[in-house]
Structure formats: C-alpha cells, structure tokens
Amino acid sequence: MLTLKGKQTYLRPLEPEDLTFIHDIENDESIWEISNTITPYSKYLIKQYLEHAHKDIFEVKQLRLVICNYKHQAIGMIDVFDFDFKNRRAGIGILVRDTENRQKGHGKEALELLTKYCFKHLDLHQLYCNISADNTASLALFKSQGFMEIGLKKDWNFINGIYKNEYLFQLINTDVY
C-alpha cells in the first residue's frame with residue numbers, strides 16, 4: 001500500500017515473526033511509562049494477540065503497525081487506539097525502539113504516514129495523543145506534525161513514586177488527501 005510507504009520508512013501489519021520483537025518491547029520496563037503498563041506479558045499471550053491482529057479496526061477498535069526501515073528491520077511500532085468511528089477520532093501512539101534509530105526521521109515519517117492513512121482511508125476527522133510533560137522528544141515530534149496542545153492533565157500519572165503531568169494533543173483533519 002503506497003500510503004504506508006515513505007522515503008526511508010514503511011509501515012506494515014504485524015506478522016507471527018514479530019513475536020520476539022513485540023515480547024521484548026512489552027517487557028521492557030524502561031518504556032512501561034509510555035504505555036501505562038505495570039505487568040509483563042508472556043510469549044503465549046503475545047502469540048494469541050498476533051493470531052487476532054488481522055481483525056478489522058472497526059471490530060477491535062485498534063490497529064498496530066510495525067515501523068520498518070528499508071533494510072526491512074523492525075525498528076518500532078505505531079498504534080491507532082480508541083478508534084471511534086461515530087465521532088471519527090482515534091488516539092495514536094508511537095515508539096521507535098532503539099536509540100540508534102531515533103532522531104533519524106523514522107518516527108516523523110511513520111507518524112506522517114499513519115496520519116495520512118487515518119485521514120484518507122479511515123475517514124477520521126481527528127487524532128489525539130497523550131504525552132508525558134518530560135518526554136521532550138515526543139512533544140517535539142507531534143508538534144512538528146501539526147498536533148496542537150489542547151490541555152494539561154496535572155499529576156496525571158504516578159511513575160516511580162512521583163506524579164507526572166501529561167499533555168493532550170490533537171490534530172484536526174483540515175486537508176483533503
């Protein structure tokens with residue numbers, strides 16, 4: 001699908017071969033804060049998830065895609081969640097896994113590709129994301145793609161013994177793709 005292919009990055013559906021990649025991400029405690037996770041996942045549970053990952057976004061209300069470089073390496077994931085077709089909106093989240101792949105434009109291109117896909121193919125009116133106030137890289141990424149800060153949730157997440165603020169960002173579809 002051309003909509004999901006960029007100059008240096010492309011997005012693809014989950015495959016059974018992604019089991020170890022997803023297992024490693026879901027069990028990496030250093031990034032649990034991003035997904036509000038506090039429990040590990042077994043390979044068995046992730047395998048079950050992968051077996052159902054083909055289901056339609058209209059049925060399961062989410063879509064997870066793998067971010068790949070053109071060496072065909074999985075370098076991250078990007079998600080559409082809380083898909084609300086009635087109100088034509090959804091949440092979006094992104095993770096570029098290793099620091100060696102960050103700050104190279106992969107996240108920016110992946111976000112741009114998924115935004116276009118959501119607006120063109122899913123006919124969404126708006127996307128939103130929640131970002132911790134201390135996640136400067138994500139704040140810069142979403143701002144660079146036109147997401148606007150629309151709110152601050154004070155003391156929203158309790159992480160490692162302290163409360164952290166979280167911003168709510170939104171992008172309204174004003175273009176015709």
# chains A, B, ... in the order shown; residues from 1 in each chain; ligands from 1
$ select_by_dssp --residues "stretch 102-152 of chain A" --states "strand (DSSP E or B)" --output "VMD selection string"
chain A and resid 126 to 132 148 to 152
$ residues_around --residues "A:Thr115" --least-positions-apart "2" --cutoff "10 Å" --atoms "only C-alpha atoms" --output "PDB file with N, CA and C atoms, in the first residue's frame"
ATOM      1  N   THR A   3       0.245   4.322   0.597  1.00  0.00           N
ATOM      2  CA  THR A   3       0.019   5.279   1.684  1.00  0.00           C
ATOM      3  C   THR A   3       0.946   5.010   2.858  1.00  0.00           C
ATOM      4  N   LEU A   4       1.363   3.785   3.043  1.00  0.00           N
ATOM      5  CA  LEU A   4       2.169   3.414   4.204  1.00  0.00           C
ATOM      6  C   LEU A   4       3.653   3.284   3.874  1.00  0.00           C
ATOM      7  N   VAL A  80      -2.922   2.891  16.453  1.00  0.00           N
ATOM      8  CA  VAL A  80      -4.170   3.636  16.486  1.00  0.00           C
ATOM      9  C   VAL A  80      -5.005   2.918  17.540  1.00  0.00           C
ATOM     10  N   ILE A  92      -3.412   7.976  19.017  1.00  0.00           N
ATOM     11  CA  ILE A  92      -2.256   7.493  18.274  1.00  0.00           C
ATOM     12  C   ILE A  92      -1.052   7.469  19.216  1.00  0.00           C
ATOM     13  N   GLU A 109       8.465  10.293   9.935  1.00  0.00           N
ATOM     14  CA  GLU A 109       7.875   9.763   8.713  1.00  0.00           C
ATOM     15  C   GLU A 109       6.759   8.768   9.022  1.00  0.00           C
ATOM     16  N   ALA A 110       6.958   7.924  10.030  1.00  0.00           N
ATOM     17  CA  ALA A 110       5.922   6.958  10.406  1.00  0.00           C
ATOM     18  C   ALA A 110       4.651   7.677  10.857  1.00  0.00           C
ATOM     19  N   LEU A 111       4.805   8.722  11.656  1.00  0.00           N
ATOM     20  CA  LEU A 111       3.648   9.482  12.123  1.00  0.00           C
ATOM     21  C   LEU A 111       2.937  10.157  10.945  1.00  0.00           C
ATOM     22  N   GLU A 112       3.701  10.698  10.026  1.00  0.00           N
ATOM     23  CA  GLU A 112       3.116  11.328   8.841  1.00  0.00           C
ATOM     24  C   GLU A 112       2.353  10.301   8.000  1.00  0.00           C
ATOM     25  N   LEU A 113       2.941   9.127   7.798  1.00  0.00           N
ATOM     26  CA  LEU A 113       2.290   8.076   7.010  1.00  0.00           C
ATOM     27  C   LEU A 113       0.991   7.616   7.663  1.00  0.00           C
ATOM     28  N   TYR A 117      -2.919   7.960   6.405  1.00  0.00           N
ATOM     29  CA  TYR A 117      -3.743   6.754   6.307  1.00  0.00           C
ATOM     30  C   TYR A 117      -5.054   6.932   7.075  1.00  0.00           C
ATOM     31  N   CYS A 118      -4.955   7.448   8.293  1.00  0.00           N
ATOM     32  CA  CYS A 118      -6.151   7.627   9.129  1.00  0.00           C
ATOM     33  C   CYS A 118      -7.133   8.614   8.505  1.00  0.00           C
ATOM     34  N   PHE A 119      -6.611   9.690   7.939  1.00  0.00           N
ATOM     35  CA  PHE A 119      -7.487  10.694   7.349  1.00  0.00           C
ATOM     36  C   PHE A 119      -8.050  10.246   5.999  1.00  0.00           C
ATOM     37  N   LYS A 120      -7.235   9.600   5.204  1.00  0.00           N
ATOM     38  CA  LYS A 120      -7.667   9.209   3.854  1.00  0.00           C
ATOM     39  C   LYS A 120      -8.487   7.919   3.846  1.00  0.00           C
ATOM     40  N   HIS A 121      -7.978   6.882   4.491  1.00  0.00           N
ATOM     41  CA  HIS A 121      -8.620   5.571   4.385  1.00  0.00           C
ATOM     42  C   HIS A 121      -9.618   5.276   5.496  1.00  0.00           C
ATOM     43  N   LEU A 122      -9.392   5.811   6.673  1.00  0.00           N
ATOM     44  CA  LEU A 122     -10.331   5.583   7.779  1.00  0.00           C
ATOM     45  C   LEU A 122     -11.323   6.725   7.923  1.00  0.00           C
ATOM     46  N   LEU A 124     -11.085   9.635   9.249  1.00  0.00           N
ATOM     47  CA  LEU A 124     -11.141  10.252  10.571  1.00  0.00           C
ATOM     48  C   LEU A 124     -11.083  11.766  10.456  1.00  0.00           C
ATOM     49  N   GLN A 126     -10.236  13.552  13.379  1.00  0.00           N
ATOM     50  CA  GLN A 126      -9.198  14.000  14.292  1.00  0.00           C
ATOM     51  C   GLN A 126      -8.441  12.844  14.928  1.00  0.00           C
ATOM     52  N   LEU A 127      -7.199  13.147  15.271  1.00  0.00           N
ATOM     53  CA  LEU A 127      -6.328  12.236  16.009  1.00  0.00           C
ATOM     54  C   LEU A 127      -5.896  12.954  17.278  1.00  0.00           C
ATOM     55  N   GLN A 145       4.437  17.731  13.515  1.00  0.00           N
ATOM     56  CA  GLN A 145       3.460  17.189  12.574  1.00  0.00           C
ATOM     57  C   GLN A 145       2.111  17.909  12.663  1.00  0.00           C
ATOM     58  N   LEU A 171      -4.951  16.714  16.494  1.00  0.00           N
ATOM     59  CA  LEU A 171      -4.783  17.134  15.115  1.00  0.00           C
ATOM     60  C   LEU A 171      -6.113  16.975  14.413  1.00  0.00           C
ATOM     61  N   ASN A 173      -8.309  17.103  10.998  1.00  0.00           N
ATOM     62  CA  ASN A 173      -8.113  16.934   9.563  1.00  0.00           C
ATOM     63  C   ASN A 173      -8.716  18.126   8.823  1.00  0.00           C
TER      64      ASN A 173
END
$ closest_residue --among "A:Leu168, A:Leu114, A:Leu45, A:Ile162" --to "A:Ile78" --atoms "only C-alpha atoms"
A:Leu114
$ closest_residue --among "A:Asp82, A:Thr39, A:Ser144, A:Lys154" --to "A:Lys61" --atoms "only C-alpha atoms"
A:Asp82
$ residues_around --residues "A:Asn157" --least-positions-apart "3" --cutoff "10 Å" --atoms "only C-alpha atoms" --output "PDB file with N, CA and C atoms, in the first residue's frame"
ATOM      1  N   GLU A  33       6.255   3.238  31.155  1.00  0.00           N
ATOM      2  CA  GLU A  33       5.616   4.524  31.430  1.00  0.00           C
ATOM      3  C   GLU A  33       4.837   5.025  30.214  1.00  0.00           C
ATOM      4  N   ASN A  36       1.595   2.972  30.016  1.00  0.00           N
ATOM      5  CA  ASN A  36       0.891   2.786  31.292  1.00  0.00           C
ATOM      6  C   ASN A  36       0.771   1.313  31.665  1.00  0.00           C
ATOM      7  N   SER A 132       3.674  12.512  28.154  1.00  0.00           N
ATOM      8  CA  SER A 132       4.222  12.956  29.433  1.00  0.00           C
ATOM      9  C   SER A 132       4.964  14.277  29.241  1.00  0.00           C
ATOM     10  N   LYS A 153      -2.971  17.706  31.832  1.00  0.00           N
ATOM     11  CA  LYS A 153      -3.550  16.903  32.908  1.00  0.00           C
ATOM     12  C   LYS A 153      -2.515  16.862  34.033  1.00  0.00           C
ATOM     13  N   LYS A 154      -2.762  17.603  35.096  1.00  0.00           N
ATOM     14  CA  LYS A 154      -1.801  17.733  36.190  1.00  0.00           C
ATOM     15  C   LYS A 154      -1.782  16.473  37.049  1.00  0.00           C
ATOM     16  N   ASN A 160       7.211   5.835  39.367  1.00  0.00           N
ATOM     17  CA  ASN A 160       8.382   5.752  40.246  1.00  0.00           C
ATOM     18  C   ASN A 160       8.296   6.691  41.453  1.00  0.00           C
ATOM     19  N   GLY A 161       7.129   6.700  42.066  1.00  0.00           N
ATOM     20  CA  GLY A 161       6.958   7.456  43.306  1.00  0.00           C
ATOM     21  C   GLY A 161       6.660   8.935  43.152  1.00  0.00           C
ATOM     22  N   ILE A 162       6.510   9.412  41.911  1.00  0.00           N
ATOM     23  CA  ILE A 162       6.156  10.826  41.718  1.00  0.00           C
ATOM     24  C   ILE A 162       5.026  10.952  40.696  1.00  0.00           C
ATOM     25  N   TYR A 163       4.271  12.025  40.829  1.00  0.00           N
ATOM     26  CA  TYR A 163       3.225  12.322  39.869  1.00  0.00           C
ATOM     27  C   TYR A 163       3.801  13.129  38.721  1.00  0.00           C
ATOM     28  N   LYS A 164       3.384  12.786  37.517  1.00  0.00           N
ATOM     29  CA  LYS A 164       3.849  13.497  36.329  1.00  0.00           C
ATOM     30  C   LYS A 164       2.657  14.076  35.570  1.00  0.00           C
ATOM     31  N   ASN A 165       2.879  15.256  35.036  1.00  0.00           N
ATOM     32  CA  ASN A 165       1.874  15.889  34.187  1.00  0.00           C
ATOM     33  C   ASN A 165       1.874  15.230  32.815  1.00  0.00           C
ATOM     34  N   GLU A 166       0.730  15.309  32.158  1.00  0.00           N
ATOM     35  CA  GLU A 166       0.598  14.760  30.819  1.00  0.00           C
ATOM     36  C   GLU A 166      -0.164  15.755  29.943  1.00  0.00           C
TER      37      GLU A 166
END
$ closest_residue --among "A:Val96, A:Leu19, A:Leu141, A:Leu11" --to "A:Cys68" --atoms "only C-alpha atoms"
A:Leu11
$ closest_residue --among "A:Lys5, A:Arg89, A:Lys71, A:Lys47" --to "A:His23" --atoms "only C-alpha atoms"
A:Lys47
$ select_by_dssp --residues "stretch 40-104 of chain A" --states "alpha helix (DSSP H)" --output "ChimeraX atom specification"
/A:43-51,57-60
$ closest_residue --among "A:Lys86, A:His106, A:Tyr44, A:Ser35" --to "A:Asn130" --atoms "only C-alpha atoms"
A:Ser35
$ closest_residue --among "A:Thr37, A:Glu15, A:Gly107, A:Glu29" --to "A:Glu51" --atoms "only C-alpha atoms"
A:Glu15
